[in-house]
file start_2.txt (compact mmCIF, C-alpha atoms and all ligand atoms)
# COMPACT_ATOMS: atom_id res chain seq x y z
CA MET A 23 15.85 49.10 61.40
CA HIS A 24 12.78 50.15 63.37
CA VAL A 25 9.39 51.02 61.92
CA THR A 26 6.47 52.39 63.88
CA VAL A 27 3.31 50.33 63.79
CA GLN A 28 1.51 53.33 62.28
CA ALA A 29 3.96 53.68 59.36
CA TYR A 30 3.87 49.91 58.85
CA GLU A 31 0.08 49.83 58.77
CA GLN A 32 -0.14 52.83 56.42
CA ALA A 33 2.29 51.21 53.99
CA MET A 34 0.42 47.90 54.02
CA ALA A 35 -2.97 49.65 53.68
CA HIS A 36 -1.76 51.68 50.70
CA CYS A 37 -0.33 48.61 48.96
CA SER A 38 -3.50 46.67 49.69
CA ALA A 39 -5.62 49.49 48.24
CA SER A 40 -3.43 49.48 45.12
CA LEU A 41 -4.23 45.83 44.31
CA PRO A 42 -4.14 44.29 41.77
CA ASN A 43 -1.41 46.79 40.87
CA GLU A 44 1.90 47.29 42.61
CA GLY A 45 1.75 50.04 45.20
CA CYS A 46 4.71 52.22 46.08
CA GLY A 47 5.79 54.87 48.52
CA VAL A 48 8.54 55.92 50.86
CA PHE A 49 9.34 55.55 54.50
CA LEU A 50 10.45 58.72 56.25
CA GLY A 51 12.33 59.09 59.49
CA ALA A 52 15.82 59.50 60.81
CA HIS A 53 18.77 57.12 60.87
CA HIS A 54 17.29 53.67 61.39
CA ALA A 55 13.95 54.75 62.82
CA ILE A 56 11.05 54.96 60.38
CA THR A 57 8.23 57.13 61.66
CA ALA A 58 6.02 57.86 58.63
CA PHE A 59 4.87 56.49 55.28
CA GLN A 60 4.22 58.63 52.22
CA PRO A 61 2.28 56.92 49.41
CA LEU A 62 3.40 57.66 45.86
CA ARG A 63 1.69 57.12 42.53
CA ASN A 64 2.74 54.12 40.47
CA CYS A 65 3.04 55.59 36.99
CA SER A 66 4.38 52.46 35.28
CA PRO A 67 2.54 51.49 32.08
CA HIS A 68 2.68 47.89 33.43
CA PRO A 69 1.59 48.47 37.02
CA ARG A 70 0.73 44.83 37.78
CA THR A 71 4.32 43.74 37.49
CA ARG A 72 6.32 46.99 37.64
CA PHE A 73 6.39 50.24 39.48
CA ALA A 74 7.72 53.64 38.50
CA LEU A 75 7.80 56.78 40.55
CA ASP A 76 6.65 60.15 39.30
CA PRO A 77 9.67 62.49 39.52
CA ALA A 78 7.35 65.39 40.31
CA GLU A 79 6.28 63.59 43.48
CA TRP A 80 9.53 61.90 44.31
CA ILE A 81 12.21 64.54 43.81
CA PRO A 82 10.79 67.10 46.28
CA LEU A 83 10.72 64.40 48.97
CA ILE A 84 14.41 63.65 48.49
CA TYR A 85 15.22 67.30 49.19
CA ALA A 86 12.92 67.71 52.18
CA PRO A 87 15.43 68.15 55.01
CA ASP A 88 13.01 67.82 57.94
CA GLN A 89 11.95 64.24 57.19
CA PRO A 90 14.56 62.33 55.22
CA VAL A 91 13.52 59.46 52.98
CA ILE A 92 15.13 56.35 54.45
CA GLY A 93 13.22 53.61 52.71
CA LEU A 94 11.58 52.85 49.39
CA VAL A 95 8.50 50.61 49.50
CA HIS A 96 6.77 48.69 46.73
CA SER A 97 4.49 45.70 46.63
CA HIS A 98 4.24 42.43 44.76
CA PRO A 99 0.53 41.71 44.26
CA PHE A 100 0.99 38.09 43.16
CA SER A 101 4.51 37.03 44.12
CA ALA A 102 6.72 36.60 47.14
CA ALA A 103 8.43 39.44 49.01
CA VAL A 104 11.70 38.80 47.21
CA PRO A 105 13.27 41.05 44.58
CA SER A 106 12.07 40.22 41.08
CA GLU A 107 14.03 40.20 37.84
CA ALA A 108 12.54 43.65 37.15
CA ASP A 109 13.75 44.90 40.54
CA HIS A 110 17.30 43.90 39.67
CA GLN A 111 17.13 45.93 36.49
CA LEU A 112 15.83 49.15 38.02
CA TYR A 113 17.90 52.14 38.87
CA TRP A 114 17.77 52.34 42.65
CA PRO A 115 18.59 55.49 44.57
CA ASP A 116 21.01 55.26 47.49
CA LEU A 117 18.79 54.75 50.50
CA PRO A 118 19.30 52.82 53.73
CA SER A 119 16.44 50.39 53.09
CA TYR A 120 14.20 48.84 50.43
CA TRP A 121 10.92 47.20 51.32
CA ILE A 122 8.80 44.69 49.45
CA ALA A 123 5.26 43.89 50.56
CA SER A 124 3.88 40.61 49.26
CA PHE A 125 0.15 40.09 48.80
CA ARG A 126 0.53 36.63 47.32
CA ASP A 127 -1.41 35.39 50.33
CA ARG A 128 -4.10 38.06 50.60
CA ARG A 129 -5.03 36.98 54.13
CA SER A 130 -1.54 37.36 55.51
CA PRO A 131 0.55 39.88 53.59
CA GLU A 132 4.25 40.02 54.34
CA LEU A 133 6.73 42.87 54.43
CA ALA A 134 10.42 42.20 53.85
CA CYS A 135 13.30 44.63 54.28
CA TYR A 136 16.51 44.69 52.24
CA ARG A 137 19.54 46.81 51.71
CA ILE A 138 21.23 47.09 48.36
CA ARG A 139 24.84 46.30 47.66
CA LYS A 140 26.06 47.74 44.38
CA SER A 141 29.09 46.28 42.71
CA PHE A 142 30.87 47.13 39.51
CA ALA A 143 32.43 44.49 37.34
CA HIS A 144 35.48 45.16 35.19
CA GLY A 145 33.41 46.04 32.16
CA GLY A 146 31.78 48.82 34.16
CA GLU A 147 28.48 46.95 34.33
CA ALA A 148 26.74 47.68 37.61
CA ALA A 149 25.16 44.80 39.52
CA ILE A 150 23.01 44.97 42.60
CA ASP A 151 22.31 42.48 45.33
CA PHE A 152 19.44 42.73 47.76
CA LEU A 153 20.60 41.69 51.21
CA PRO A 154 17.85 40.78 53.69
CA MET A 155 17.78 43.01 56.74
CA ALA A 156 15.99 42.49 60.04
CA TYR A 157 13.50 45.04 61.30
CA THR A 158 11.34 45.58 64.36
CA ILE A 159 7.86 47.08 64.51
CA VAL A 160 7.66 49.49 67.43
CA THR A 161 4.83 51.44 68.98
ZN ZN B 1 9.46 44.31 42.88
call {"tool": "encode", "arguments": {"input": "start_2.txt", "output": "structure tokens"}}
result
Amino acid sequence: MHVTVQAYEQAMAHCSASLPNEGCGVFLGAHHAITAFQPLRNCSPHPRTRFALDPAEWIPLIYAPDQPVIGLVHSHPFSAAVPSEADHQLYWPDLPSYWIASFRDRRSPELACYRIRKSFAHGGEAAIDFLPMAYTIVT
């Protein structure tokens, strides 16, 4: 996965501006090259520990053919850049990448990239795993 320095900086700036709440948005691009960041509103009633997307903002992006959504970004204002219990319980759309920005250390925020593996147990219960994925920031 590649992300342009501009998209990276926009995502981190948006999440930083959303503090102390979780910030969210999407990465746009093609295949494994992210070229833009689109901030989205966090409409969760518990925005410090959860995020929720507004369907009115989110659904049109999914159907925009010129710039496909290839990553979902959200931040953890107070915890590490690892998926939380709440993240495991969310419904996640099928996208190539999922990004978590951690502002636990305000002076050096971190951005981690994952992909999701969905599995279905015999009872039909869906489970998801977040698998760490490497990425490169490009100019
Ligand atoms: Zn989270």
call {"tool": "closest_residue", "arguments": {"input": "start_2.txt", "among": "A:Phe100, A:Ala86, A:Leu112, A:His54", "to": "Ala74 (chain A)", "atoms": "all atoms listed in the file"}}
result
A:Leu112
call {"tool": "closest_residue", "arguments": {"input": "start_2.txt", "among": "A:His96, A:His36, A:Arg63, A:His24", "to": "ligand ZN 1 (chain B)", "atoms": "all atoms listed in the file"}}
result
A:His96
call {"tool": "residues_near_ligand", "arguments": {"input": "start_2.txt", "ligand": "ligand ZN 1 (chain B)", "cutoff": "8 Å", "atoms": "all atoms listed in the file", "output": "list in words"}}
result
Thr71, Arg72, Phe73, His96, Ser97, His98, Ala103, Val104, Pro105, Ser106, Glu107, Ala108, Asp109 and Ile122 of chain A
call {"tool": "residues_around", "arguments": {"input": "start_2.txt", "residues": "region 38-47 of chain A", "least_positions_apart": "6", "cutoff": "12 Å", "atoms": "all atoms listed in the file", "output": "NGL selection string"}}
result
:A and (29-32 or 58-76 or 79-80 or 83 or 91-101 or 120-133)
call {"tool": "atom_distance", "arguments": {"input": "start_2.txt", "atom1": "CA of Asp88 (chain A)", "atom2": "CA of Ala33 (chain A)"}}
result
20.2 Å
call {"tool": "closest_residue", "arguments": {"input": "start_2.txt", "among": "A:Trp114, A:Phe49, A:Tyr157, A:Tyr85", "to": "Ala134 (chain A)", "atoms": "only C-alpha atoms"}}
result
A:Tyr157
call {"tool": "atom_distance", "arguments": {"input": "start_2.txt", "atom1": "CA of Ile159 (chain A)", "atom2": "CA of Ile138 (chain A)"}}
result
21.0 Å
call {"tool": "residues_around", "arguments": {"input": "start_2.txt", "residues": "Leu153 (chain A)", "least_positions_apart": "6", "cutoff": "9 Å", "atoms": "only C-alpha atoms", "output": "PyMOL selection string"}}
result
chain A and resi 135-139
call {"tool": "atom_distance", "arguments": {"input": "start_2.txt", "atom1": "CA of Pro77 (chain A)", "atom2": "CA of Pro90 (chain A)"}}
result
16.4 Å
call {"tool": "axis_aligned_box", "arguments": {"input": "start_2.txt", "around": "region 55-65 of chain A", "padding_each_side": "8 Å", "output": "lines of an AutoDock Vina configuration file"}}
result
center_x = 7.8
center_y = 56.4
center_z = 49.9
size_x = 28.3
size_y = 20.5
size_z = 41.8
call {"tool": "closest_residue", "arguments": {"input": "start_2.txt", "among": "A:Thr57, A:Gln111, A:Gln89, A:Thr26", "to": "Ala148 (chain A)", "atoms": "only C-alpha atoms"}}
result
A:Gln111
call {"tool": "decode", "arguments": {"input": "start_2.txt", "residues": "region 23-111 of chain A", "atoms": "C-alpha atoms", "output": "CSV table (one decimal), in the first residue's frame"}}
result
chain,number,residue,atom,x,y,z
A,23,MET,CA,0.0,0.0,0.0
A,24,HIS,CA,1.3,3.5,-0.9
A,25,VAL,CA,-0.1,6.7,0.4
A,26,THR,CA,1.0,10.2,-0.8
A,27,VAL,CA,2.5,12.5,1.8
A,28,GLN,CA,-0.3,14.9,1.1
A,29,ALA,CA,-3.1,12.4,1.8
A,30,TYR,CA,-1.2,11.2,4.9
A,31,GLU,CA,-0.8,14.7,6.2
A,32,GLN,CA,-4.5,15.6,5.5
A,33,ALA,CA,-5.7,12.5,7.4
A,34,MET,CA,-3.4,13.2,10.4
A,35,ALA,CA,-4.4,16.9,10.4
A,36,HIS,CA,-8.1,16.1,10.4
A,37,CYS,CA,-7.8,13.5,13.2
A,38,SER,CA,-5.7,16.0,15.2
A,39,ALA,CA,-8.3,18.7,14.7
A,40,SER,CA,-11.0,16.3,15.9
A,41,LEU,CA,-9.3,15.7,19.3
A,42,PRO,CA,-10.4,14.8,21.9
A,43,ASN,CA,-12.9,13.0,19.7
A,44,GLU,CA,-12.2,10.2,17.2
A,45,GLY,CA,-11.8,11.6,13.7
A,46,CYS,CA,-12.8,9.6,10.6
A,47,GLY,CA,-12.6,9.8,6.9
A,48,VAL,CA,-11.7,7.8,3.8
A,49,PHE,CA,-8.6,7.4,1.6
A,50,LEU,CA,-9.3,7.6,-2.1
A,51,GLY,CA,-7.2,6.3,-5.0
A,52,ALA,CA,-6.7,3.3,-7.2
A,53,HIS,CA,-5.6,-0.2,-6.5
A,54,HIS,CA,-2.9,0.1,-3.8
A,55,ALA,CA,-2.1,3.8,-4.3
A,56,ILE,CA,-3.8,6.3,-2.1
A,57,THR,CA,-3.8,9.8,-3.5
A,58,ALA,CA,-6.4,11.7,-1.5
A,59,PHE,CA,-8.1,12.0,1.9
A,60,GLN,CA,-11.7,12.9,2.4
A,61,PRO,CA,-12.7,13.8,6.0
A,62,LEU,CA,-16.1,12.6,7.2
A,63,ARG,CA,-18.2,13.6,10.2
A,64,ASN,CA,-18.1,11.4,13.3
A,65,CYS,CA,-21.8,11.2,14.2
A,66,SER,CA,-21.4,8.7,17.1
A,67,PRO,CA,-23.1,9.7,20.3
A,68,HIS,CA,-19.9,8.6,22.1
A,69,PRO,CA,-17.3,10.2,19.8
A,70,ARG,CA,-14.4,10.0,22.3
A,71,THR,CA,-14.4,6.2,22.1
A,72,ARG,CA,-16.4,5.4,19.0
A,73,PHE,CA,-17.0,6.6,15.5
A,74,ALA,CA,-19.9,6.3,13.2
A,75,LEU,CA,-20.2,7.5,9.6
A,76,ASP,CA,-23.1,9.6,8.3
A,77,PRO,CA,-24.7,7.5,5.5
A,78,ALA,CA,-25.6,10.7,3.6
A,79,GLU,CA,-21.9,11.5,3.4
A,80,TRP,CA,-20.5,8.0,3.1
A,81,ILE,CA,-22.8,6.3,0.6
A,82,PRO,CA,-22.3,8.8,-2.3
A,83,LEU,CA,-18.5,8.3,-2.0
A,84,ILE,CA,-18.8,4.5,-2.3
A,85,TYR,CA,-20.6,5.0,-5.7
A,86,ALA,CA,-18.2,7.7,-7.0
A,87,PRO,CA,-16.5,5.8,-9.9
A,88,ASP,CA,-13.7,8.3,-10.6
A,89,GLN,CA,-12.0,8.1,-7.2
A,90,PRO,CA,-12.7,4.8,-5.5
A,91,VAL,CA,-12.7,4.5,-1.7
A,92,ILE,CA,-9.8,2.2,-0.9
A,93,GLY,CA,-9.3,2.9,2.8
A,94,LEU,CA,-11.3,3.8,5.9
A,95,VAL,CA,-9.5,6.0,8.5
A,96,HIS,CA,-10.3,6.6,12.1
A,97,SER,CA,-8.4,7.8,15.1
A,98,HIS,CA,-7.8,6.7,18.7
A,99,PRO,CA,-7.4,9.9,20.7
A,100,PHE,CA,-6.1,8.2,23.9
A,101,SER,CA,-5.1,4.6,22.9
A,102,ALA,CA,-2.7,2.8,20.7
A,103,ALA,CA,-3.1,2.3,16.9
A,104,VAL,CA,-4.5,-1.2,17.4
A,105,PRO,CA,-8.1,-2.2,16.8
A,106,SER,CA,-10.3,-1.8,19.9
A,107,GLU,CA,-13.0,-4.0,21.3
A,108,ALA,CA,-15.5,-1.6,19.6
A,109,ASP,CA,-13.7,-1.9,16.3
A,110,HIS,CA,-14.2,-5.7,16.4
A,111,GLN,CA,-17.9,-5.2,16.9
